[in-house]
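Student: You'll find model-v6.tsv just under this line, and it carries TSV, C-alpha atoms and all ligand atoms.
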chain	number	residue	atom	x	y	z
Q	1144	MET	CA	-9.47	-10.98	22.73
Q	1145	ARG	CA	-9.67	-10.66	19.02
Q	1146	ASN	CA	-6.75	-11.04	16.75
Q	1147	THR	CA	-7.18	-8.81	13.75
Q	1148	LYS	CA	-4.43	-10.54	11.84
Q	1149	ASN	CA	-5.69	-11.47	8.42
Q	1150	HIS	CA	-4.14	-12.79	5.31
Q	1151	TRP	CA	-5.05	-11.83	1.83
Q	1152	LEU	CA	-3.52	-11.82	-1.55
Q	1153	GLN	CA	-2.86	-8.61	-3.35
Q	1154	ILE	CA	-4.22	-8.05	-6.83
Q	1155	THR	CA	-1.06	-8.85	-8.63
Q	1156	SER	CA	-0.62	-6.56	-11.56
Q	1157	THR	CA	-0.38	-8.78	-14.57
Q	1158	PHE	CA	2.72	-8.62	-16.64
Q	1159	THR	CA	1.78	-9.93	-20.02
Q	1160	LEU	CA	4.57	-11.72	-21.73
Q	1161	THR	CA	4.70	-10.72	-25.39
Q	1162	ILE	CA	7.88	-11.81	-26.93
Q	1163	VAL	CA	7.99	-11.34	-30.67
Q	1164	VAL	CA	9.10	-14.67	-32.01
Q	1165	THR	CA	9.36	-13.77	-35.67
Q	1166	CYS	CA	12.97	-12.85	-35.90
Q	1167	LEU	CA	13.13	-11.95	-39.55
Q	1168	GLY	CA	14.06	-8.32	-39.10
Q	1169	LEU	CA	16.29	-6.63	-36.59
Q	1170	LYS	CA	13.51	-4.60	-34.96
Q	1171	PRO	CA	11.40	-7.43	-33.51
Q	1172	CYS	CA	14.52	-9.05	-32.03
Q	1173	VAL	CA	15.55	-5.83	-30.36
Q	1174	ALA	CA	12.05	-5.37	-28.94
Q	1175	ALA	CA	11.93	-8.98	-27.75
Q	1176	ASP	CA	15.29	-8.60	-26.01
Q	1177	LEU	CA	14.17	-5.38	-24.39
Q	1178	GLN	CA	11.00	-7.03	-23.12
Q	1179	MET	CA	12.89	-10.04	-21.80
Q	1180	GLN	CA	15.20	-7.64	-20.01
Q	1181	GLY	CA	12.14	-5.82	-18.68
Q	1182	PHE	CA	10.67	-9.02	-17.24
Q	1183	GLU	CA	14.01	-9.87	-15.64
Q	1184	TYR	CA	14.02	-6.49	-13.90
Q	1185	VAL	CA	10.42	-7.11	-12.79
Q	1186	GLN	CA	11.49	-10.43	-11.29
Q	1187	ALA	CA	14.22	-8.58	-9.39
Q	1188	ASN	CA	11.72	-5.91	-8.23
Q	1189	ASN	CA	13.75	-3.26	-10.03
Q	1190	PHE	CA	10.81	-1.38	-11.52
Q	1191	PRO	CA	12.62	1.80	-12.63
Q	1192	LYS	CA	14.92	-0.31	-14.84
Q	1193	ALA	CA	12.01	-2.49	-16.01
Q	1194	LEU	CA	10.17	0.69	-17.01
Q	1195	GLU	CA	13.16	1.84	-19.07
Q	1196	SER	CA	13.27	-1.49	-20.90
Q	1197	PHE	CA	9.53	-1.61	-21.64
Q	1198	ASN	CA	9.54	2.02	-22.79
Q	1199	ALA	CA	12.39	1.22	-25.16
Q	1200	ALA	CA	10.48	-1.84	-26.44
Q	1201	LEU	CA	7.41	0.36	-26.96
Q	1202	LYS	CA	9.48	2.68	-29.15
Q	1203	GLU	CA	10.15	-0.32	-31.41
Q	1204	HIS	CA	6.49	-1.42	-31.33
Q	1205	PRO	CA	4.46	1.73	-30.68
Q	1206	ASP	CA	1.13	-0.05	-31.30
Q	1207	SER	CA	1.57	-3.01	-28.96
Q	1208	TRP	CA	-1.21	-2.93	-26.35
Q	1209	MET	CA	0.61	-5.59	-24.33
Q	1210	ILE	CA	3.83	-3.60	-24.05
Q	1211	MET	CA	1.71	-0.60	-23.06
Q	1212	GLN	CA	0.24	-2.70	-20.29
Q	1213	SER	CA	3.70	-3.66	-19.04
Q	1214	VAL	CA	4.70	0.02	-19.04
Q	1215	ALA	CA	1.54	0.80	-17.04
Q	1216	ASN	CA	2.28	-1.90	-14.47
Q	1217	CYS	CA	5.77	-0.47	-13.97
Q	1218	GLN	CA	4.45	3.10	-13.73
Q	1219	MET	CA	2.15	1.94	-10.95
Q	1220	GLU	CA	5.01	0.21	-9.14
Q	1221	VAL	CA	7.14	3.37	-9.21
Q	1222	GLY	CA	4.21	5.35	-7.86
Q	1223	HIS	CA	2.92	7.11	-10.99
Q	1224	CYS	CA	-0.65	5.89	-10.86
Q	1225	ASP	CA	-1.96	8.70	-13.11
Q	1226	LYS	CA	0.51	7.76	-15.85
Q	1227	ALA	CA	-0.41	4.10	-15.39
Q	1228	ILE	CA	-4.11	4.86	-15.95
Q	1229	ALA	CA	-3.38	6.99	-19.03
Q	1230	ILE	CA	-1.32	4.32	-20.74
Q	1231	LEU	CA	-3.80	1.58	-19.82
Q	1232	GLN	CA	-6.53	3.65	-21.45
Q	1233	LYS	CA	-4.37	3.91	-24.55
Q	1234	SER	CA	-3.72	0.16	-24.44
Q	1235	ILE	CA	-7.50	-0.45	-24.44
Q	1236	GLU	CA	-8.01	2.00	-27.33
Q	1237	VAL	CA	-5.33	0.34	-29.40
Q	1238	GLY	CA	-5.84	-3.33	-28.56
Q	1239	GLY	CA	-9.45	-3.62	-27.42
Q	1240	LEU	CA	-10.49	-4.61	-23.91
Q	1241	HIS	CA	-8.76	-7.62	-22.33
Q	1242	ALA	CA	-9.09	-9.14	-18.86
Q	1243	SER	CA	-5.41	-8.51	-18.14
Q	1244	GLN	CA	-5.80	-4.75	-18.69
Q	1245	CYS	CA	-8.82	-4.73	-16.38
Q	1246	ASN	CA	-6.72	-6.50	-13.73
Q	1247	SER	CA	-4.02	-3.87	-14.07
Q	1248	MET	CA	-6.62	-1.09	-13.79
Q	1249	ALA	CA	-8.00	-2.76	-10.66
Q	1250	ALA	CA	-4.49	-2.91	-9.17
Q	1251	VAL	CA	-3.93	0.81	-9.83
Q	1252	PHE	CA	-7.25	1.86	-8.26
Q	1253	GLN	CA	-6.59	-0.41	-5.29
Q	1254	ARG	CA	-3.24	1.32	-4.85
Q	1255	LEU	CA	-5.07	4.67	-5.02
Q	1256	GLY	CA	-7.44	3.59	-2.25
Q	1257	ASP	CA	-10.48	3.58	-4.56
Q	1258	ALA	CA	-12.09	0.25	-3.65
Q	1259	LYS	CA	-15.23	0.89	-5.71
Q	1260	LYS	CA	-13.42	1.50	-9.00
Q	1261	ALA	CA	-11.00	-1.36	-8.34
Q	1262	LEU	CA	-13.95	-3.69	-7.76
Q	1263	ASN	CA	-15.66	-2.53	-10.98
Q	1264	TRP	CA	-12.54	-3.29	-13.02
Q	1265	LEU	CA	-12.07	-6.64	-11.33
Q	1266	ASN	CA	-15.69	-7.60	-12.07
Q	1267	LEU	CA	-15.19	-6.54	-15.68
Q	1268	ALA	CA	-12.10	-8.75	-15.87
Q	1269	CYS	CA	-14.14	-11.69	-14.57
Q	1270	LYS	CA	-16.82	-11.02	-17.20
Q	1271	LEU	CA	-14.21	-11.10	-19.95
Q	1272	ASP	CA	-12.53	-14.16	-18.50
Q	1273	PRO	CA	-15.06	-16.15	-16.43
Q	1274	ALA	CA	-12.33	-18.60	-15.32
Q	1275	MET	CA	-11.05	-15.83	-13.06
Q	1276	ARG	CA	-14.11	-16.25	-10.83
Q	1277	GLY	CA	-12.60	-19.48	-9.53
Q	1278	ASN	CA	-9.19	-17.95	-8.84
Q	1279	VAL	CA	-8.41	-17.86	-5.11
Q	1280	GLN	CA	-6.36	-14.65	-5.41
Q	1281	VAL	CA	-9.17	-12.89	-7.25
Q	1282	LEU	CA	-11.75	-14.00	-4.70
Q	1283	ALA	CA	-9.55	-12.76	-1.87
Q	1284	ALA	CA	-9.04	-9.43	-3.65
Q	1285	ILE	CA	-12.80	-9.04	-4.15
Q	1286	SER	CA	-13.54	-9.73	-0.49
Q	1287	LYS	CA	-10.84	-7.26	0.56
Q	1288	LEU	CA	-12.28	-4.56	-1.70
Q	1289	GLN	CA	-15.74	-5.14	-0.19
Q	1290	ASP	CA	-14.41	-4.90	3.39
Q	1291	PRO	CA	-16.15	-1.96	5.16
Q	1292	GLU	CA	-12.74	-0.86	6.49
Q	1293	ASN	CA	-11.70	-0.18	2.90
Q	1294	ASN	CA	-14.89	1.69	2.00
Q	1295	PRO	CA	-14.90	4.66	4.35
Q	1296	THR	CA	-18.10	6.66	4.59
Q	1297	GLY	CA	-18.92	10.18	5.75
Q	1298	SER	CA	-18.38	13.65	4.40
Q	1299	PRO	CA	-14.81	14.39	3.31
Q	1300	ALA	CA	-15.39	18.00	4.36
Q	1301	ALA	CA	-16.51	17.36	7.98
Q	1302	PRO	CA	-14.13	18.58	10.73
Q	1303	ASP	CA	-13.31	14.94	11.61
Q	1304	TYR	CA	-14.11	11.41	10.41
Q	1305	LEU	CA	-14.81	9.65	13.70
Q	1306	SER	CA	-18.35	8.64	12.68
Q	1307	GLY	CA	-17.05	6.97	9.52
Q	1308	LEU	CA	-14.63	4.65	11.33
Q	1309	THR	CA	-15.68	1.03	11.86
Q	1310	MET	CA	-14.48	1.23	15.47
Q	1311	ALA	CA	-12.39	3.56	17.61
Q	1312	LYS	CA	-11.09	3.10	21.13
Q	1313	GLY	CA	-7.84	4.44	22.55
Q	1314	TRP	CA	-5.36	2.99	25.02
Q	1315	PRO	CA	-6.50	3.36	28.64
Q	1316	LYS	CA	-4.91	6.06	30.82
Q	1317	ALA	CA	-3.50	3.42	33.16
Q	1318	ALA	CA	-1.41	1.92	30.35
Q	1319	MET	CA	0.52	5.16	29.61
Q	1320	PRO	CA	3.22	5.67	28.66
Q	1321	ILE	CA	2.88	3.01	25.97
Q	1322	LYS	CA	6.14	1.12	25.54
Q	1323	VAL	CA	7.45	1.12	21.98
Q	1324	HIS	CA	10.38	-0.80	20.53
Q	1325	ALA	CA	11.77	0.10	17.10
Q	1326	ARG	CA	13.45	-3.15	16.10
Q	1327	GLN	CA	16.54	-3.18	13.90
Q	1328	ASN	CA	16.36	-5.38	10.80
Q	1329	ILE	CA	19.78	-7.05	10.72
Q	1330	GLN	CA	19.51	-7.41	6.94
Q	1331	LEU	CA	18.91	-3.68	6.49
Q	1332	PRO	CA	21.03	-2.11	9.26
Q	1333	GLY	CA	21.88	1.02	7.26
Q	1334	PHE	CA	18.27	2.14	7.17
Q	1335	TYR	CA	17.75	1.87	10.92
Q	1336	PRO	CA	18.50	5.52	11.82
Q	1337	VAL	CA	16.04	6.76	9.16
Q	1338	PHE	CA	13.42	4.31	10.39
Q	1339	GLN	CA	13.92	5.38	14.01
Q	1340	ALA	CA	13.52	9.02	12.99
Q	1341	ALA	CA	10.37	8.29	10.96
Q	1342	ILE	CA	8.70	6.23	13.69
Q	1343	THR	CA	9.57	8.85	16.34
Q	1344	ASP	CA	8.14	11.58	14.10
Q	1345	ALA	CA	4.92	9.57	13.70
Q	1346	PHE	CA	4.43	9.01	17.45
Q	1347	GLU	CA	5.28	12.64	18.23
Q	1348	GLN	CA	2.72	13.96	15.75
Q	1349	TRP	CA	-0.07	11.76	17.12
Q	1350	CYS	CA	0.89	12.59	20.74
Q	1351	SER	CA	0.58	16.32	20.10
Q	1352	ALA	CA	-2.74	15.72	18.33
Q	1353	THR	CA	-4.12	14.21	21.55
Q	1354	GLY	CA	-2.68	17.07	23.64
Q	1355	ASN	CA	-0.39	14.42	25.15
Q	1356	ALA	CA	-3.34	12.39	26.47
Q	1357	PHE	CA	-1.54	9.60	24.62
Q	1358	SER	CA	2.08	9.20	25.71
Q	1359	TYR	CA	4.81	6.70	24.89
Q	1360	LYS	CA	8.41	5.83	25.60
Q	1361	PHE	CA	10.94	3.78	23.68
Q	1362	VAL	CA	12.22	0.57	25.30
Q	1363	ASN	CA	15.26	-1.48	24.34
Q	1364	SER	CA	13.68	-4.89	23.96
Q	1365	ALA	CA	10.73	-6.30	22.06
Q	1366	ASP	CA	9.72	-8.37	25.10
Q	1367	ALA	CA	9.24	-5.27	27.22
Q	1368	ALA	CA	7.23	-3.44	24.57
Q	1369	ASP	CA	3.52	-2.94	23.98
Q	1370	LEU	CA	4.17	-2.06	20.35
Q	1371	VAL	CA	7.01	-3.54	18.31
Q	1372	CYS	CA	7.84	-1.67	15.09
Q	1373	ASP	CA	9.62	-3.49	12.26
Q	1374	TYR	CA	10.73	-2.48	8.77
Q	1375	THR	CA	11.27	-4.71	5.78
Q	1376	ASP	CA	11.98	-4.92	2.05
Q	1377	ARG	CA	9.57	-7.85	1.60
Q	1378	ARG	CA	6.12	-6.80	0.45
Q	1379	GLU	CA	4.52	-10.10	1.50
Q	1380	LEU	CA	5.21	-9.21	5.15
Q	1381	VAL	CA	3.04	-6.10	4.97
Q	1382	SER	CA	0.02	-7.65	3.24
Q	1383	SER	CA	-3.15	-6.92	5.13
Q	1384	ARG	CA	-6.82	-7.36	4.37
Q	1385	HIS	CA	-7.44	-3.91	5.73
Q	1386	GLU	CA	-5.02	-1.93	3.65
Q	1387	LEU	CA	-5.48	-1.07	0.00
Q	1388	GLY	CA	-2.57	1.10	-1.03
Q	1389	ILE	CA	-0.66	1.48	2.23
Q	1390	ASP	CA	2.50	-0.57	2.44
Q	1391	GLY	CA	2.36	-1.24	6.12
Q	1392	ILE	CA	0.51	-3.41	8.58
Q	1393	ALA	CA	-0.66	-3.10	12.16
Q	1394	GLU	CA	-1.54	-6.36	13.86
Q	1395	MET	CA	-3.13	-5.67	17.21
Q	1396	LEU	CA	-4.65	-7.73	19.94
Q	1397	LEU	CA	-7.81	-6.15	21.24
Q	1398	LYS	CA	-8.81	-6.40	24.88
Q	1399	GLN	CA	-12.31	-7.43	25.88
Q	1400	ASP	CA	-13.42	-3.80	26.11
Q	1401	GLN	CA	-12.09	-3.29	22.55
Q	1402	SER	CA	-9.18	-1.12	23.69
Q	1403	PRO	CA	-5.82	-1.86	22.05
Q	1404	GLY	CA	-3.52	-4.52	23.47
Q	1405	LYS	CA	-0.05	-5.58	22.39
Q	1406	GLY	CA	0.71	-5.25	18.72
Q	1407	THR	CA	3.25	-5.39	15.94
Q	1408	LEU	CA	3.66	-2.85	13.18
Q	1409	CYS	CA	5.64	-3.51	10.02
Q	1410	PHE	CA	6.58	-1.09	7.24
Q	1411	LEU	CA	7.84	-1.57	3.71
Q	1412	VAL	CA	10.89	0.67	3.26
Q	1413	LYS	CA	12.15	-0.72	-0.06
Q	1414	ASP	CA	10.18	-2.14	-3.01
Q	1415	GLY	CA	11.75	-5.59	-2.79
Q	1416	PRO	CA	15.32	-6.77	-2.14
Q	1417	GLY	CA	16.30	-5.93	-5.74
Q	1418	ALA	CA	15.03	-2.35	-5.65
Q	1419	PRO	CA	17.82	0.13	-6.38
Q	1420	THR	CA	17.00	2.52	-3.53
Q	1421	PHE	CA	15.11	2.81	-0.29
Q	1422	ARG	CA	11.82	4.67	-0.20
Q	1423	SER	CA	11.96	8.35	0.65
Q	1424	ARG	CA	11.96	9.42	4.27
Q	1425	GLU	CA	8.64	11.26	3.62
Q	1426	LEU	CA	6.96	8.15	2.23
Q	1427	VAL	CA	8.16	5.97	5.12
Q	1428	THR	CA	7.01	8.59	7.64
Q	1429	ARG	CA	3.60	8.76	5.98
Q	1430	CYS	CA	3.27	5.00	6.22
Q	1431	CYS	CA	4.39	5.08	9.90
Q	1432	LEU	CA	1.81	7.78	10.67
Q	1433	HIS	CA	-0.94	5.68	9.09
Q	1434	GLU	CA	-0.16	2.43	10.90
Q	1435	VAL	CA	0.55	4.18	14.21
Q	1436	GLY	CA	-2.89	5.77	13.79
Q	1437	HIS	CA	-4.38	2.26	13.74
Q	1438	ALA	CA	-2.21	1.21	16.69
Q	1439	LEU	CA	-3.59	4.11	18.73
Q	1440	GLY	CA	-7.05	2.67	18.28
Q	1441	MET	CA	-8.49	3.82	14.94
Q	1442	HIS	CA	-10.14	1.03	12.98
Q	1443	GLY	CA	-11.20	1.95	9.50
Q	1444	HIS	CA	-10.20	4.85	7.31
Q	1445	SER	CA	-10.97	8.40	6.21
Q	1446	PRO	CA	-12.75	9.00	2.87
Q	1447	ASN	CA	-10.64	12.10	2.18
Q	1448	MET	CA	-7.37	11.49	0.33
Q	1449	ARG	CA	-5.70	14.46	2.06
Q	1450	ASP	CA	-5.92	12.63	5.38
Q	1451	ILE	CA	-3.15	10.32	6.53
Q	1452	MET	CA	-5.80	7.72	7.38
Q	1453	PHE	CA	-7.03	7.55	3.77
Q	1454	PRO	CA	-6.54	3.94	2.60
Q	1455	GLY	CA	-4.57	4.76	-0.56
Q	1456	ALA	CA	-1.02	5.51	-1.49
Q	1457	LEU	CA	0.20	9.02	-2.07
Q	1458	ARG	CA	3.79	8.75	-3.12
Q	1459	ASP	CA	5.05	12.24	-2.61
Q	1460	GLY	CA	5.04	14.99	-0.11
Q	1461	GLN	CA	2.56	14.57	2.65
Q	1462	ASP	CA	4.15	13.39	5.87
Q	1463	LYS	CA	2.09	15.47	8.29
Q	1464	LEU	CA	-1.25	14.77	9.92
Q	1465	SER	CA	-4.16	16.73	8.50
Q	1466	GLU	CA	-6.42	18.80	10.74
Q	1467	ARG	CA	-9.08	16.11	10.32
Q	1468	ASP	CA	-6.62	13.40	11.43
Q	1469	LYS	CA	-5.76	15.47	14.51
Q	1470	ASN	CA	-9.39	16.26	15.34
Q	1471	THR	CA	-10.43	12.63	15.03
Q	1472	MET	CA	-7.67	11.35	17.34
Q	1473	LYS	CA	-8.33	14.19	19.78
Q	1474	ARG	CA	-11.94	13.00	20.07
Q	1475	ILE	CA	-10.85	9.40	20.65
Q	1476	TYR	CA	-8.58	10.47	23.56
Q	1477	ARG	CA	-10.91	13.10	24.99
X	1	ZN	ZN	-5.06	1.56	7.15
Can you turn what I pasted into structure tokens?
Tutor:
Amino acid sequence: MRNTKNHWLQITSTFTLTIVVTCLGLKPCVAADLQMQGFEYVQANNFPKALESFNAALKEHPDSWMIMQSVANCQMEVGHCDKAIAILQKSIEVGGLHASQCNSMAAVFQRLGDAKKALNWLNLACKLDPAMRGNVQVLAAISKLQDPENNPTGSPAAPDYLSGLTMAKGWPKAAMPIKVHARQNIQLPGFYPVFQAAITDAFEQWCSATGNAFSYKFVNSADAADLVCDYTDRRELVSSRHELGIDGIAEMLLKQDQSPGKGTLCFLVKDGPGAPTFRSRELVTRCCLHEVGHALGMHGHSPNMRDIMFPGALRDGQDKLSERDKNTMKRIYR
């Protein structure tokens, strides 16, 4: 048996603290207060509010590359990776290239599932600040970005991506129906019905993709289940070496013949305990689809960002399997 549980540290987007200390005029004080407020919201994981504060601070200091970087970090956290890249580019134009900006760029490209670009930016950061080479978090991030599971190969236009996966083996016929337990988080009871609906949707979509060769049933206890599904508002619980921009984790035991054994799935449904709202039903469903895909025996990812098994985050819309996702799983259960 192999336990695929791994620990890694995420590239933490760097929030550069730039508090204007010269308090001679009213403007710097206002900007400093706004930034302080911004950092407090960041601490509380309330990124929409942090973004408002940093944007207001930027109005007071429109040429501050550091405030621009803080705005970019917040844009990434609220899911606007394109805006984050644009403002980071501006920050580099205005303030020159700094290691912290490169770190932020790396974090955005990691979130987007682009391991190659993330790695380039991280290497650039290390060139600008050689001390970073000795940083445990940076080393872990580099090894994660080099992981073959995060660098899918193959043609994005092929009818399926089976050949690009690092490994694929489905549950054996004798194990069906697979017993699934959707566990209630007693700290987040209100979200349970939405979570149940999202996880059911995910299993149903994959089942139909296999022409019901894969089947499952819900059970009432974790002890009786093959797969236990949890949801959380704590990002550290969904950190995985194998995921770039997907806020979920599938920890599976593999049997000797490499077929899936018991496992636990966990999904981030809120961006931290201080976040003002839960994530959208579509986003949670997308994340469920992705991790359930792994739990059904897919190891590795698709190189096409329109596929659910692409390793990066797409914030909006897509909560349905692509034809390529369906074709790939169909081949695994054929
Ligand atoms: Zn994945």
Student: Between atom CA of Gly1443 of chain Q and atom CA of Val1371 of chain Q, what distance in Å does the model show, to one decimal?
Tutor: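 Rounded to one decimal, the two atoms are 21.0 Å apart.
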Student: What does the distance between atom CA of Tyr1476 of chain Q and atom CA of Met1441 of chain Q come to in Å, to one decimal place?
Tutor: 10.9 Å
Student: Neighbouring residues of ligand ZN 1 (chain X) are defined here as those with any atom at most 10 Å from a ligand atom, counting only C-alpha atoms and all ligand atoms; list them as JSON, numbers by chain.
Tutor: {"Q": [1256, 1292, 1293, 1383, 1384, 1385, 1386, 1387, 1388, 1389, 1390, 1391, 1392, 1393, 1430, 1432, 1433, 1434, 1435, 1436, 1437, 1438, 1441, 1442, 1443, 1444, 1445, 1451, 1452, 1453, 1454, 1455]}
Student: What is the atom CA of Gly1404 of chain Q-atom CA of Arg1429 of chain Q distance in Å, reported with one decimal?
Tutor: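 Pair atom CA of Gly1404 of chain Q / atom CA of Arg1429 of chain Q returns 23.1 Å.
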Student: Let me make sure I understand: among Q:Ala1345, Q:Ala1301, Q:Leu1288, Q:Leu1262, which one has the smallest atom-to-atom distance to Arg1467 of chain Q if we use only C-alpha atoms?
Tutor: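 Closest residue, counting only C-alpha atoms: Q:Ala1301.
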Student: Return the single residue from Q:Thr1420, Q:Glu1394, Q:Leu1255, Q:Leu1305 that is closest to Gly1333 of chain Q, with distances computed using all atoms listed in the file.
Tutor: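 Closest to Gly1333 of chain Q of all the choices is Q:Thr1420.
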Student: Using all atoms listed in the file, which protein or nucleic acid residues come within 10 Å of Asn1263 of chain Q? Drop anything in the same chain fewer than 3 positions from it, and give the result as an mmCIF file with C-alpha atoms, keeping the file's coordinate frame.
Tutor:
data_model
loop_
_atom_site.group_PDB
_atom_site.id
_atom_site.type_symbol
_atom_site.label_atom_id
_atom_site.label_comp_id
_atom_site.auth_asym_id
_atom_site.auth_seq_id
_atom_site.Cartn_x
_atom_site.Cartn_y
_atom_site.Cartn_z
ATOM 1 C CA CYS Q 1245 -8.820 -4.730 -16.380
ATOM 2 C CA MET Q 1248 -6.620 -1.090 -13.790
ATOM 3 C CA ALA Q 1249 -8.000 -2.760 -10.660
ATOM 4 C CA PHE Q 1252 -7.250 1.860 -8.260
ATOM 5 C CA ALA Q 1258 -12.090 0.250 -3.650
ATOM 6 C CA LYS Q 1259 -15.230 0.890 -5.710
ATOM 7 C CA LYS Q 1260 -13.420 1.500 -9.000
ATOM 8 C CA ASN Q 1266 -15.690 -7.600 -12.070
ATOM 9 C CA LEU Q 1267 -15.190 -6.540 -15.680
ATOM 10 C CA ALA Q 1268 -12.100 -8.750 -15.870
ATOM 11 C CA CYS Q 1269 -14.140 -11.690 -14.570
ATOM 12 C CA ILE Q 1285 -12.800 -9.040 -4.150
#
Student: Which residue, Q:Lys1413, Q:Lys1398, Q:Lys1405, Q:Lys1312, has the smallest gap to Glu1220 of chain Q when you use all atoms listed in the file?
Tutor: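 Between Q:Lys1413, Q:Lys1398, Q:Lys1405, Q:Lys1312, the residue approaching Glu1220 of chain Q most closely is Q:Lys1413.
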Student: Ranking Q:Asn1189, Q:Thr1407, Q:Gln1348, Q:Ser1196 by minimum distance to Asp1176 of chain Q and counting all atoms listed in the file, which one comes first?
Tutor: Q:Ser1196
Student: Find, counting only C-alpha atoms, the residue in Q:Ala1174, Q:Ala1283, Q:Ala1456, Q:Leu1396 that gets nearest to His1223 of chain Q.
Tutor: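 Result for the nearest residue to His1223 of chain Q: Q:Ala1456.
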